[in-house]
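Chemist: File follows, data.cif with mmCIF, C-alpha atoms:
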```cif
data_input
#
loop_
_atom_site.label_atom_id
_atom_site.label_comp_id
_atom_site.auth_asym_id
_atom_site.auth_seq_id
_atom_site.Cartn_x
_atom_site.Cartn_y
_atom_site.Cartn_z
CA MET M 20 70.32 60.65 80.20
CA PRO M 21 68.95 62.34 83.33
CA GLU M 22 69.87 65.95 84.06
CA ALA M 23 70.46 67.40 87.52
CA MET M 24 68.98 70.59 88.94
CA ALA M 25 70.94 72.96 91.18
CA PRO M 26 72.02 70.93 94.20
CA ALA M 27 70.49 71.62 97.59
CA PRO M 28 72.92 71.45 100.53
CA PHE M 29 72.39 68.65 103.00
CA VAL M 30 74.26 67.16 105.95
CA ASN M 31 73.56 63.52 106.69
CA PRO M 32 73.37 62.14 110.23
CA GLN M 33 77.06 61.14 110.12
CA GLY M 34 78.04 64.76 109.52
CA ILE M 35 79.27 64.21 105.94
CA ALA M 36 78.53 67.21 103.76
CA ALA M 37 76.42 66.20 100.77
CA PHE M 38 74.06 67.49 98.09
CA ARG M 39 70.52 66.42 97.27
CA ILE M 40 70.30 65.88 93.51
CA TYR M 41 66.94 66.01 91.78
CA LEU M 42 66.92 63.77 88.70
CA LEU M 43 64.74 65.15 85.93
CA ASN M 44 63.30 63.88 82.72
CA PRO M 45 65.15 65.86 80.01
CA TRP M 46 62.07 65.98 77.80
CA THR M 47 59.45 67.15 80.29
CA LEU M 48 61.70 68.99 82.76
CA PHE M 49 59.54 67.49 85.47
CA PRO M 50 60.48 64.75 87.92
CA SER M 51 60.36 61.47 86.07
CA PRO M 52 57.73 59.05 87.42
CA THR M 53 60.10 56.16 86.71
CA ILE M 54 63.12 57.69 88.42
CA PRO M 55 62.81 58.11 92.20
CA TRP M 56 64.28 61.01 94.21
CA ASN M 57 67.84 60.16 94.96
CA TRP M 58 70.42 61.17 97.50
CA LEU M 59 73.97 61.61 96.33
CA PHE M 60 76.47 61.97 99.14
CA ILE M 61 79.62 63.80 98.06
CA PRO M 62 82.28 64.34 100.75
CA VAL M 63 83.28 67.99 100.89
CA PRO M 64 86.39 69.36 102.61
CA ASN M 65 85.72 70.98 105.97
CA PHE M 66 86.53 74.63 105.25
CA ARG M 67 86.78 76.60 108.48
CA ARG M 68 85.95 80.28 108.40
CA LYS M 69 88.81 82.49 109.59
CA PRO M 70 87.95 84.49 112.68
CA ASN M 71 87.65 88.18 111.89
CA VAL M 72 89.61 90.91 113.64
CA ASN M 73 86.88 91.59 116.23
CA GLU M 74 86.59 87.92 117.16
CA ARG M 75 90.35 87.61 117.57
CA LEU M 76 90.41 90.79 119.66
CA ASP M 77 87.59 89.57 121.93
CA SER M 78 89.40 86.27 122.42
CA LEU M 79 92.68 87.97 123.32
CA LEU M 80 91.01 90.41 125.73
CA HIS M 81 89.26 87.50 127.45
CA ARG M 82 92.59 85.72 127.76
CA TYR M 83 94.13 88.91 129.20
CA GLU M 84 91.47 88.96 131.93
CA GLU M 85 92.33 85.35 132.77
CA LEU M 86 96.02 86.22 132.98
CA GLN M 87 95.26 89.14 135.30
CA GLN M 88 93.84 86.64 137.76
CA MET M 89 96.73 84.22 137.26
CA VAL M 90 99.49 86.77 137.98
CA GLN M 91 97.88 87.48 141.36
CA ASP M 92 98.20 83.84 142.36
CA PRO M 93 101.15 83.52 144.82
CA ASP M 94 101.71 79.89 143.76
CA LEU M 95 102.64 80.99 140.24
CA SER M 96 106.11 82.17 141.30
CA LYS M 97 106.95 78.69 142.61
CA ASP M 98 107.30 77.40 139.05
CA ASN M 99 109.93 79.59 137.36
CA LYS M 100 109.32 78.30 133.86
CA ARG M 101 105.55 78.71 134.13
CA TYR M 102 106.01 82.15 135.71
CA ARG M 103 108.15 83.37 132.79
CA GLU M 104 105.68 82.05 130.23
CA VAL M 105 102.68 83.67 131.91
CA MET M 106 104.40 87.02 132.45
CA LYS M 107 105.61 87.06 128.84
CA GLU M 108 102.09 86.45 127.53
CA TYR M 109 100.66 88.93 130.03
CA SER M 110 103.04 91.64 128.81
CA THR M 111 102.23 90.99 125.14
CA LEU M 112 98.46 90.99 125.65
CA GLY M 113 98.78 94.03 127.93
CA ASP M 114 99.99 96.06 124.93
CA ILE M 115 96.93 94.93 122.95
CA ALA M 116 94.56 95.74 125.81
CA ALA M 117 96.10 99.22 126.21
CA ALA M 118 95.78 99.89 122.47
CA ASN M 119 92.15 98.76 122.53
CA ASP M 120 91.43 101.02 125.53
CA GLU M 121 92.87 103.94 123.60
CA VAL M 122 90.57 103.25 120.65
CA VAL M 123 87.53 103.01 122.95
CA ASN M 124 88.40 106.21 124.82
CA LEU M 125 89.00 108.18 121.63
CA SER M 126 85.75 106.86 120.16
CA ASN M 127 83.83 108.05 123.23
CA GLN M 128 85.45 111.47 122.95
CA LEU M 129 84.48 111.60 119.28
CA GLU M 130 80.84 110.84 120.09
CA ASN M 131 80.81 113.64 122.66
CA ALA M 132 82.39 116.05 120.18
CA LYS M 133 79.81 115.15 117.51
CA SER M 134 76.97 115.65 120.00
CA LEU M 135 78.37 119.05 120.92
CA LEU M 136 78.68 119.93 117.24
CA GLN M 137 75.00 119.19 116.64
CA SER M 138 73.66 120.90 119.77
CA GLU M 139 75.93 123.95 119.96
CA LYS M 140 74.52 127.23 118.66
CA ASP M 141 77.50 129.51 119.17
CA PRO M 142 79.52 129.68 115.89
CA GLU M 143 82.89 129.82 117.63
CA MET M 144 82.14 126.84 119.85
CA LYS M 145 80.75 124.99 116.85
CA GLU M 146 83.99 125.55 114.94
CA LEU M 147 86.04 124.34 117.90
CA ALA M 148 83.91 121.19 118.10
CA ARG M 149 84.33 120.65 114.36
CA GLU M 150 88.13 121.00 114.65
CA GLU M 151 88.19 118.61 117.62
CA THR M 152 86.14 116.10 115.63
CA ARG M 153 88.64 116.13 112.76
CA GLU M 154 91.55 115.71 115.15
CA LEU M 155 89.90 112.82 116.98
CA GLU M 156 89.05 111.04 113.72
CA ALA M 157 92.71 111.20 112.70
CA ARG M 158 93.85 109.94 116.12
CA ILE M 159 91.34 107.09 116.02
CA LYS M 160 92.64 105.99 112.64
CA ASP M 161 96.22 105.91 113.96
CA ALA M 162 95.11 104.05 117.10
CA GLU M 163 93.15 101.49 115.05
CA ASP M 164 96.14 100.92 112.75
CA LYS M 165 98.35 100.35 115.78
CA LEU M 166 95.84 97.88 117.20
CA LYS M 167 95.59 96.00 113.90
CA PHE M 168 99.35 95.59 113.74
CA LEU M 169 99.43 94.30 117.31
CA LEU M 170 96.79 91.72 116.36
CA VAL M 171 98.98 90.29 113.60
CA PRO M 172 100.35 86.97 114.92
CA ARG M 173 103.99 87.43 115.87
CA ASP M 174 106.77 85.26 114.57
CA PRO M 175 108.08 83.20 117.52
CA LEU M 176 111.61 83.87 116.25
CA ASP M 177 111.25 87.63 116.81
CA GLU M 178 112.35 87.43 120.44
CA LYS M 179 115.47 85.40 119.76
CA ASN M 180 119.03 86.62 120.05
CA ILE M 181 121.08 86.53 116.87
CA ILE M 182 124.48 85.70 115.45
CA MET M 183 125.41 88.09 112.64
CA GLU M 184 128.03 87.33 110.02
CA ILE M 185 129.48 90.11 107.86
CA ARG M 186 131.80 89.16 104.98
CA ALA M 187 133.61 91.32 102.44
CA GLY M 188 132.55 90.54 98.87
CA THR M 189 133.63 92.13 95.62
CA GLY M 190 135.86 95.16 96.03
CA GLY M 191 138.94 93.89 97.82
CA GLU M 192 140.24 96.09 100.63
CA GLU M 193 137.43 98.63 100.14
CA ALA M 194 134.83 95.90 100.76
CA ALA M 195 136.69 94.88 103.92
CA LEU M 196 136.66 98.49 105.15
CA PHE M 197 132.92 98.76 104.49
CA ALA M 198 132.37 95.49 106.40
CA SER M 199 134.04 97.20 109.34
CA ASP M 200 131.76 100.25 108.88
CA LEU M 201 128.66 98.03 108.93
CA TYR M 202 129.86 96.31 112.09
CA ARG M 203 130.21 99.69 113.81
CA MET M 204 126.76 100.73 112.58
CA TYR M 205 125.09 97.64 114.05
CA SER M 206 127.09 97.77 117.30
CA ARG M 207 126.19 101.43 117.88
CA PHE M 208 122.53 100.68 117.26
CA ALA M 209 122.78 97.81 119.74
CA GLU M 210 124.25 100.17 122.33
CA THR M 211 121.28 102.57 121.97
CA ARG M 212 118.93 99.64 122.63
CA GLY M 213 120.85 98.38 125.63
CA TRP M 214 121.68 95.12 123.84
CA LYS M 215 124.82 93.11 124.51
CA PHE M 216 127.13 92.16 121.67
CA GLU M 217 130.19 89.93 121.59
CA ILE M 218 132.71 89.29 118.82
CA MET M 219 132.93 85.55 118.21
CA ASN M 220 135.37 85.44 115.31
CA SER M 221 137.08 87.97 113.07
CA ASN M 222 139.62 88.18 110.27
CA GLU M 223 141.06 91.70 110.23
CA THR M 224 143.04 93.26 107.39
CA GLU M 225 146.12 95.45 107.74
CA LEU M 226 144.10 98.63 107.03
CA GLY M 227 141.59 97.90 109.80
CA GLY M 228 138.87 96.30 107.70
CA PHE M 229 137.32 92.87 108.11
CA LYS M 230 137.39 90.08 105.59
CA GLU M 231 134.93 88.44 107.97
CA ILE M 232 133.49 89.23 111.38
CA VAL M 233 131.03 87.11 113.34
CA PHE M 234 129.37 88.46 116.48
CA SER M 235 126.36 87.83 118.68
CA ILE M 236 123.74 90.33 119.82
CA SER M 237 121.43 89.55 122.73
CA GLY M 238 118.56 91.55 124.16
CA LYS M 239 114.85 92.20 123.76
CA ASN M 240 113.40 91.49 120.29
CA VAL M 241 116.81 91.52 118.58
CA TYR M 242 115.82 89.27 115.68
CA GLU M 243 112.62 91.25 115.08
CA ASN M 244 114.66 94.39 114.43
CA LEU M 245 117.62 92.92 112.53
CA ARG M 246 116.12 90.01 110.61
CA TYR M 247 115.78 92.03 107.39
CA GLU M 248 119.51 92.82 107.22
CA SER M 249 120.39 89.52 105.52
CA GLY M 250 121.52 90.04 101.96
CA VAL M 251 123.99 91.95 99.81
CA HIS M 252 124.81 95.53 100.86
CA ARG M 253 126.31 97.57 98.02
CA VAL M 254 128.48 100.62 98.67
CA GLN M 255 129.39 103.41 96.24
CA ARG M 256 132.13 105.78 97.38
CA VAL M 257 135.70 106.94 96.76
CA PRO M 258 137.95 104.43 98.55
CA GLU M 259 140.66 105.60 100.91
CA THR M 260 143.13 103.75 98.73
CA GLU M 261 141.99 105.55 95.53
CA ALA M 262 144.33 108.40 94.59
CA SER M 263 142.44 109.59 91.48
CA GLY M 264 139.14 110.16 93.30
CA ARG M 265 137.09 107.68 91.26
CA ILE M 266 133.91 106.22 92.78
CA HIS M 267 134.11 102.48 93.27
CA THR M 268 131.31 100.00 93.84
CA SER M 269 131.88 97.23 96.37
CA ALA M 270 129.68 94.70 98.12
CA VAL M 271 129.38 93.07 101.52
CA THR M 272 127.17 90.12 102.47
CA VAL M 273 125.33 89.98 105.78
CA ALA M 274 123.73 86.91 107.34
CA VAL M 275 121.43 87.17 110.38
CA LEU M 276 120.99 83.85 112.18
CA PRO M 277 118.50 83.40 115.04
CA GLU M 278 120.47 81.83 117.86
CA ALA M 279 119.17 78.40 118.74
CA ASP M 280 118.98 76.93 122.21
CA GLU M 281 120.73 73.64 122.89
CA THR M 282 117.34 71.94 123.24
CA GLU M 283 116.23 73.12 119.76
CA ILE M 284 119.09 71.62 117.75
CA ASP M 285 120.46 68.19 118.59
CA ILE M 286 124.12 67.90 117.56
CA ARG M 287 125.66 64.48 118.04
CA GLN M 288 129.33 64.31 118.95
CA GLU M 289 129.94 61.56 116.39
CA ASP M 290 128.81 63.99 113.65
CA LEU M 291 131.59 66.44 114.50
CA ARG M 292 135.24 66.62 113.49
CA ILE M 293 137.15 69.02 115.74
CA ASP M 294 140.60 70.31 114.77
CA VAL M 295 142.83 72.60 116.84
CA MET M 296 145.55 74.85 115.47
CA ARG M 297 147.44 78.05 116.10
CA ALA M 298 145.60 81.29 115.47
CA GLY M 299 146.51 83.41 112.47
CA GLY M 300 146.40 87.15 111.93
CA PRO M 301 148.17 90.14 110.47
CA GLY M 302 151.11 89.62 112.82
CA GLY M 303 152.51 90.66 116.16
CA GLN M 304 150.44 89.93 119.24
CA CYS M 305 147.49 88.84 117.08
CA VAL M 306 149.17 85.49 116.46
CA ASN M 307 148.97 82.95 119.27
CA THR M 308 151.83 80.65 120.10
CA THR M 309 149.48 77.95 121.47
CA ASP M 310 146.98 75.69 119.72
CA SER M 311 143.94 77.72 120.80
CA ALA M 312 142.14 78.12 117.46
CA VAL M 313 139.33 75.63 116.85
CA ARG M 314 137.75 74.41 113.63
CA ILE M 315 134.57 72.32 113.85
CA THR M 316 133.20 70.44 110.84
CA HIS M 317 129.63 69.15 110.93
CA ILE M 318 129.99 66.05 108.74
CA PRO M 319 126.30 65.49 107.72
CA SER M 320 125.79 69.07 106.49
CA GLY M 321 129.37 69.93 105.53
CA LEU M 322 129.25 73.16 107.57
CA VAL M 323 132.62 74.38 108.85
CA VAL M 324 133.07 76.88 111.71
CA HIS M 325 136.38 78.41 112.75
CA CYS M 326 137.04 80.44 115.92
CA GLN M 327 140.32 81.91 117.11
CA ASP M 328 139.55 85.19 118.91
CA GLU M 329 139.95 83.79 122.42
CA LYS M 330 143.28 82.63 123.86
CA SER M 331 141.46 79.70 125.46
CA GLN M 332 140.75 76.66 123.33
CA ILE M 333 137.73 75.85 125.48
CA LYS M 334 136.20 79.30 124.92
CA ASN M 335 136.83 79.14 121.17
CA LYS M 336 135.18 75.73 121.02
CA ALA M 337 132.13 77.03 122.92
CA LYS M 338 131.79 79.97 120.54
CA ALA M 339 132.21 77.73 117.50
CA MET M 340 129.44 75.44 118.76
CA ARG M 341 127.10 78.44 119.18
CA ILE M 342 127.76 79.52 115.59
CA LEU M 343 127.33 75.98 114.27
CA ARG M 344 124.07 75.57 116.17
CA ALA M 345 122.75 78.84 114.72
CA ARG M 346 123.73 77.85 111.17
CA LEU M 347 122.05 74.47 111.48
CA TYR M 348 118.97 76.17 112.90
CA GLU M 349 118.95 78.54 109.93
CA LEU M 350 119.09 75.58 107.55
CA GLU M 351 116.06 74.02 109.26
CA GLU M 352 114.15 77.32 109.15
CA ALA M 353 115.03 77.84 105.48
CA LYS M 354 113.79 74.35 104.68
CA ALA M 355 110.52 74.98 106.52
CA ALA M 356 110.10 78.38 104.85
CA SER M 357 110.55 76.90 101.37
CA GLU M 358 107.76 74.44 102.08
CA ARG M 359 105.29 77.14 103.08
CA ALA M 360 102.91 78.74 100.60
CA GLU M 361 104.13 81.53 98.31
CA ALA M 362 101.65 83.90 99.93
CA ARG M 363 103.59 83.73 103.18
CA LYS M 364 106.65 85.39 101.63
CA SER M 365 107.20 88.88 102.91
CA GLN M 366 107.28 91.94 100.72
CA VAL M 367 110.59 93.01 102.24
CA GLY M 368 112.39 90.07 100.68
CA SER M 369 113.20 86.46 101.29
CA GLY M 370 116.18 87.13 103.54
CA ASP M 371 118.44 85.25 101.14
CA ARG M 372 121.99 86.46 101.63
CA SER M 373 122.47 86.52 97.82
CA GLU M 374 119.67 89.06 97.41
CA ARG M 375 120.80 92.68 96.85
CA ILE M 376 118.85 94.63 99.41
CA ARG M 377 120.45 98.04 99.83
CA THR M 378 122.76 100.64 98.29
CA TYR M 379 124.89 103.08 100.30
CA ASN M 380 125.87 106.05 98.10
CA PHE M 381 128.34 108.19 100.04
CA PRO M 382 128.82 111.05 97.51
CA GLN M 383 125.05 111.71 97.58
CA ASN M 384 124.68 110.93 101.30
CA ARG M 385 121.92 108.53 100.17
CA LEU M 386 120.71 105.13 101.33
CA THR M 387 118.22 103.18 99.20
CA ASP M 388 116.50 100.00 100.33
CA HIS M 389 115.43 98.27 97.12
CA ARG M 390 112.85 95.96 98.73
CA ILE M 391 110.50 98.71 99.91
CA ASN M 392 111.71 101.51 97.59
CA LEU M 393 112.80 103.66 100.53
CA THR M 394 115.42 106.38 100.04
CA LEU M 395 116.90 108.37 102.92
CA TYR M 396 119.34 111.26 102.52
CA LYS M 397 121.08 110.94 105.87
CA LEU M 398 123.66 108.24 105.26
CA ASP M 399 126.17 109.96 107.55
CA LEU M 400 123.78 109.59 110.51
CA ILE M 401 122.78 106.05 109.55
CA MET M 402 126.41 104.88 109.59
CA GLN M 403 126.62 106.26 113.14
CA GLY M 404 123.81 103.91 114.22
CA ASP M 405 120.77 106.11 113.54
CA VAL M 406 118.87 103.32 111.77
CA GLU M 407 115.58 103.47 113.70
CA GLU M 408 113.62 105.00 110.81
CA LEU M 409 114.97 102.42 108.35
CA PHE M 410 114.28 99.40 110.56
CA ASP M 411 110.80 100.68 111.50
CA ALA M 412 109.92 101.07 107.80
CA LEU M 413 111.02 97.49 107.10
CA LYS M 414 108.99 96.11 110.03
CA LEU M 415 105.96 98.17 109.00
CA SER M 416 106.11 96.87 105.43
CA ALA M 417 106.38 93.28 106.65
CA ARG M 418 103.44 93.70 109.04
CA GLU M 419 101.29 95.28 106.35
CA GLU M 420 102.00 92.30 104.13
CA LEU M 421 101.09 89.90 106.93
CA LEU M 422 97.93 91.88 107.66
CA ARG M 423 96.85 91.59 104.03
CA ALA M 424 97.63 87.87 104.07
CA THR M 425 95.61 87.20 107.23
CA ALA M 426 92.69 89.28 105.97
CA SER M 427 92.47 87.43 102.65
#
```
Output the file's structure as structure tokens, nothing else.

Modeler:
Amino acid sequence: MPEAMAPAPFVNPQGIAAFRIYLLNPWTLFPSPTIPWNWLFIPVPNFRRKPNVNERLDSLLHRYEELQQMVQDPDLSKDNKRYREVMKEYSTLGDIAAANDEVVNLSNQLENAKSLLQSEKDPEMKELAREETRELEARIKDAEDKLKFLLVPRDPLDEKNIIMEIRAGTGGEEAALFASDLYRMYSRFAETRGWKFEIMNSNETELGGFKEIVFSISGKNVYENLRYESGVHRVQRVPETEASGRIHTSAVTVAVLPEADETEIDIRQEDLRIDVMRAGGPGGQCVNTTDSAVRITHIPSGLVVHCQDEKSQIKNKAKAMRILRARLYELEEAKAASERAEARKSQVGSGDRSERIRTYNFPQNRLTDHRINLTLYKLDLIMQGDVEELFDALKLSAREELLRATAS
């Protein structure tokens, strides 16, 4: 039986990748006189080489130069939709261009410092040049890291507004009180960012906690900052209702839903069952005497949304539809995410609301995020809305994971 040598690559005129196979006589190890040279065409998948970081950077900088010309065109403002798209892209690429300029400028300064270090004879000046060189090398590394992170493709969901749902879990009244604490933490952080937030539905307890609270937050890059809050938040502290001073452990679940536009999710009226009723509450003025509360059931998915915070039935229905649209959008995103490769999963967790993500230990003034093994001993400040360090660490971890994935 003939034996084949190492194949030589070949591309036929039709562009099909193939190999040239030399058939040999197994006894002589020379081409057999009775067996002609043969071509064996084997289709090979068309593997495209990923562009490296420099190629991607060059492409983006070239696009930025094009956009600089476009924004100077007076006709651009006549099309509002096109104007918003161009200005949005121009702003994003402007950050990349500025970061690249910083790297180039620092690199030029480093070259000058190294030249001075080699040519300088005075010992004191030489030491100053050596110190400047070390400082510039450190600054260049930081600038290059910043540029690399900006080059990581952004998730299109990052710029969306969100609907956040906080629900008390195990722990009874103490869990409801902690749900209220988390709501205040997020709302205070939103205030520092200039974001707008609106309560859409709530179920308050007699002690001021929340069995459930649903609210929206809108502003710049809201989902990018809060997307990693989905999951189980565990609290360890002495409850206000505990007379003996024992530490209890309770849990609260948080869901962060990117808010969908009406054009992104098509909800047919025939798929909805809408019920109206009187609002409930702990009593007094919290209970309406009119049928203003609205419950919407999406029949195909089985999702049920209830809103009663507004005295107007129309307003409650509008809020309920926003929540329903966001939940359906989340279902579609979860389905798409499950179909993507395992390598796309982020190090900071899947975002599943059943995943325990964080522990708040009040006696030790400690917060621990279990996904990135981060521990901060300033829980008192965090509960007041000082969560910048925590959120930045989560975003950094996610970007590092994406950077490794794109580089591989």

Chemist: Quick one: of M:Ile182, M:Ile286, M:Ala198, M:Val251, who's nearest to Ser237 (chain M), counting all atoms listed in the file?

Modeler: M:Ile182

Chemist: Evaluate the PyMOL selection byres ((chain M and resi 216) around 10) and record the selected residues as an mmCIF file with C-alpha atoms, keeping the file's coordinate frame, following the chain and residue labels used in the document.

Modeler:
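Okay, this is what ended up in out_21.cif:
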```cif
data_model
loop_
_atom_site.group_PDB
_atom_site.id
_atom_site.type_symbol
_atom_site.label_atom_id
_atom_site.label_comp_id
_atom_site.auth_asym_id
_atom_site.auth_seq_id
_atom_site.Cartn_x
_atom_site.Cartn_y
_atom_site.Cartn_z
ATOM 1 C CA ASN M 180 119.030 86.620 120.050
ATOM 2 C CA ILE M 181 121.080 86.530 116.870
ATOM 3 C CA ILE M 182 124.480 85.700 115.450
ATOM 4 C CA TYR M 205 125.090 97.640 114.050
ATOM 5 C CA SER M 206 127.090 97.770 117.300
ATOM 6 C CA ALA M 209 122.780 97.810 119.740
ATOM 7 C CA GLU M 210 124.250 100.170 122.330
ATOM 8 C CA GLY M 213 120.850 98.380 125.630
ATOM 9 C CA TRP M 214 121.680 95.120 123.840
ATOM 10 C CA LYS M 215 124.820 93.110 124.510
ATOM 11 C CA GLU M 217 130.190 89.930 121.590
ATOM 12 C CA ILE M 218 132.710 89.290 118.820
ATOM 13 C CA MET M 219 132.930 85.550 118.210
ATOM 14 C CA PHE M 234 129.370 88.460 116.480
ATOM 15 C CA SER M 235 126.360 87.830 118.680
ATOM 16 C CA ILE M 236 123.740 90.330 119.820
ATOM 17 C CA SER M 237 121.430 89.550 122.730
ATOM 18 C CA GLY M 238 118.560 91.550 124.160
#
```

Chemist: Which residue is closest to Leu422 (chain M)? Choose from M:Ile284, M:Leu350, M:Leu170, M:His389 and count only C-alpha atoms.

Modeler: M:Leu170

Chemist: Between CA of Glu261 (chain M) and CA of Lys397 (chain M), what is the spacing in Å?

Modeler: 23.9 Å

Chemist: Select, from M:Glu329, M:Glu231, M:Glu351, M:Asp114, the residue with the minimum atom-to-atom distance to Tyr83 (chain M), counting all atoms listed in the file.

Modeler: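 Closest to Tyr83 (chain M) of all the choices is M:Asp114.
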
Chemist: Which residue out of M:Met204, M:Phe381, M:Arg246, M:Leu398 has the minimum interatomic distance to Ile266 (chain M) when all atoms listed in the file are used?

Modeler: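 When distances to Ile266 (chain M) are compared using all atoms listed in the file, the smallest one comes from M:Phe381.
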
Chemist: Show me, as a list of chain:residue names, the residues that have an atom within 10 Å of Gly190 (chain M) when counting all atoms listed in the file, minus same-chain residues fewer than 5 positions from it.

Modeler: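 The residues satisfying every condition are M:Ala195, M:Leu196, M:Phe197, M:Val254, M:Pro258, M:His267, M:Thr268, M:Ser269, M:Ala270, M:Val271.
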
Chemist: Care to translate the PyMOL selection byres ((chain M and resi 103-110) around 9) into actual residues of this file, as a PyMOL selection string?

Modeler: chain M and resi 82-83+86-87+89-90+95-96+98-102+111-114

Chemist: Hey, can you pull every residue with an atom no more than 8 Å from (111.0, 95.3, 109.3), using only C-alpha atoms, and send it as a list in words?

Modeler: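 Here is the list of nearby residues: Glu243, Asn244, Leu245, Arg246, Tyr247, Val367, Phe410, Asp411, Ala412, Leu413, Lys414, Leu415, Ser416, Ala417 and Arg418 of chain M.
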
Chemist: For CA of Gln255 (chain M) and CA of Asp200 (chain M), determine how far apart the two atoms are, in Å to one decimal place.

Modeler: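 According to the coordinates, CA of Gln255 (chain M) and CA of Asp200 (chain M) are separated by 13.2 Å.
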
Chemist: Find the distance between CA of Met296 (chain M) and CA of Ser311 (chain M) and write it in Å to one decimal.

Modeler: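 One can read the CA of Met296 (chain M) to CA of Ser311 (chain M) distance as 6.3 Å.
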
Chemist: Arg314 (chain M): which residues within 6 Å, counting only C-alpha atoms, same-chain residues fewer than 6 positions away excluded, as a PyMOL selection string?

Modeler: chain M and resi 293-294+324-325

Chemist: Compile the contact shell of Thr387 (chain M) as an MDAnalysis selection string: residues with an atom at most 12 Å away, counting only C-alpha atoms, same-chain residues fewer than 2 positions apart removed.

Modeler: chainID M and resid 252:255 375:381 383:385 389:398 401 409

Chemist: Keeping C-alpha atoms, export the residues of the selection given above as a CSV table (one decimal), keeping the file's coordinate frame.

Modeler:
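Okay, this is what ended up in part-v4.csv:
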```csv
chain,number,residue,atom,x,y,z
M,252,HIS,CA,124.8,95.5,100.9
M,253,ARG,CA,126.3,97.6,98.0
M,254,VAL,CA,128.5,100.6,98.7
M,255,GLN,CA,129.4,103.4,96.2
M,375,ARG,CA,120.8,92.7,96.8
M,376,ILE,CA,118.8,94.6,99.4
M,377,ARG,CA,120.4,98.0,99.8
M,378,THR,CA,122.8,100.6,98.3
M,379,TYR,CA,124.9,103.1,100.3
M,380,ASN,CA,125.9,106.0,98.1
M,381,PHE,CA,128.3,108.2,100.0
M,383,GLN,CA,125.0,111.7,97.6
M,384,ASN,CA,124.7,110.9,101.3
M,385,ARG,CA,121.9,108.5,100.2
M,389,HIS,CA,115.4,98.3,97.1
M,390,ARG,CA,112.8,96.0,98.7
M,391,ILE,CA,110.5,98.7,99.9
M,392,ASN,CA,111.7,101.5,97.6
M,393,LEU,CA,112.8,103.7,100.5
M,394,THR,CA,115.4,106.4,100.0
M,395,LEU,CA,116.9,108.4,102.9
M,396,TYR,CA,119.3,111.3,102.5
M,397,LYS,CA,121.1,110.9,105.9
M,398,LEU,CA,123.7,108.2,105.3
M,401,ILE,CA,122.8,106.0,109.6
M,409,LEU,CA,115.0,102.4,108.4
```

Chemist: Complete region 146-157 of chain M with N, CA and C atoms (output as a PDB file, in the coordinates of the input).

Modeler:
```pdb
ATOM      1  N   GLU M 146      82.761 125.733 115.708  1.00  0.00           N
ATOM      2  CA  GLU M 146      83.990 125.550 114.940  1.00  0.00           C
ATOM      3  C   GLU M 146      85.031 124.786 115.746  1.00  0.00           C
ATOM      4  N   LEU M 147      85.111 125.078 117.050  1.00  0.00           N
ATOM      5  CA  LEU M 147      86.040 124.340 117.900  1.00  0.00           C
ATOM      6  C   LEU M 147      85.676 122.854 117.977  1.00  0.00           C
ATOM      7  N   ALA M 148      84.365 122.590 118.067  1.00  0.00           N
ATOM      8  CA  ALA M 148      83.910 121.190 118.100  1.00  0.00           C
ATOM      9  C   ALA M 148      84.200 120.498 116.779  1.00  0.00           C
ATOM     10  N   ARG M 149      84.050 121.223 115.673  1.00  0.00           N
ATOM     11  CA  ARG M 149      84.330 120.650 114.360  1.00  0.00           C
ATOM     12  C   ARG M 149      85.826 120.327 114.218  1.00  0.00           C
ATOM     13  N   GLU M 150      86.676 121.223 114.710  1.00  0.00           N
ATOM     14  CA  GLU M 150      88.130 121.000 114.650  1.00  0.00           C
ATOM     15  C   GLU M 150      88.528 119.815 115.540  1.00  0.00           C
ATOM     16  N   GLU M 151      87.907 119.723 116.728  1.00  0.00           N
ATOM     17  CA  GLU M 151      88.190 118.610 117.620  1.00  0.00           C
ATOM     18  C   GLU M 151      87.755 117.286 117.011  1.00  0.00           C
ATOM     19  N   THR M 152      86.628 117.311 116.281  1.00  0.00           N
ATOM     20  CA  THR M 152      86.140 116.100 115.630  1.00  0.00           C
ATOM     21  C   THR M 152      87.133 115.608 114.585  1.00  0.00           C
ATOM     22  N   ARG M 153      87.657 116.523 113.779  1.00  0.00           N
ATOM     23  CA  ARG M 153      88.640 116.130 112.760  1.00  0.00           C
ATOM     24  C   ARG M 153      89.902 115.556 113.394  1.00  0.00           C
ATOM     25  N   GLU M 154      90.343 116.188 114.478  1.00  0.00           N
ATOM     26  CA  GLU M 154      91.550 115.710 115.150  1.00  0.00           C
ATOM     27  C   GLU M 154      91.334 114.334 115.763  1.00  0.00           C
ATOM     28  N   LEU M 155      90.181 114.121 116.370  1.00  0.00           N
ATOM     29  CA  LEU M 155      89.900 112.820 116.980  1.00  0.00           C
ATOM     30  C   LEU M 155      89.765 111.727 115.932  1.00  0.00           C
ATOM     31  N   GLU M 156      89.173 112.032 114.788  1.00  0.00           N
ATOM     32  CA  GLU M 156      89.050 111.040 113.720  1.00  0.00           C
ATOM     33  C   GLU M 156      90.422 110.595 113.234  1.00  0.00           C
ATOM     34  N   ALA M 157      91.351 111.547 113.116  1.00  0.00           N
ATOM     35  CA  ALA M 157      92.710 111.200 112.700  1.00  0.00           C
ATOM     36  C   ALA M 157      93.411 110.349 113.764  1.00  0.00           C
TER      37      ALA M 157
END
```
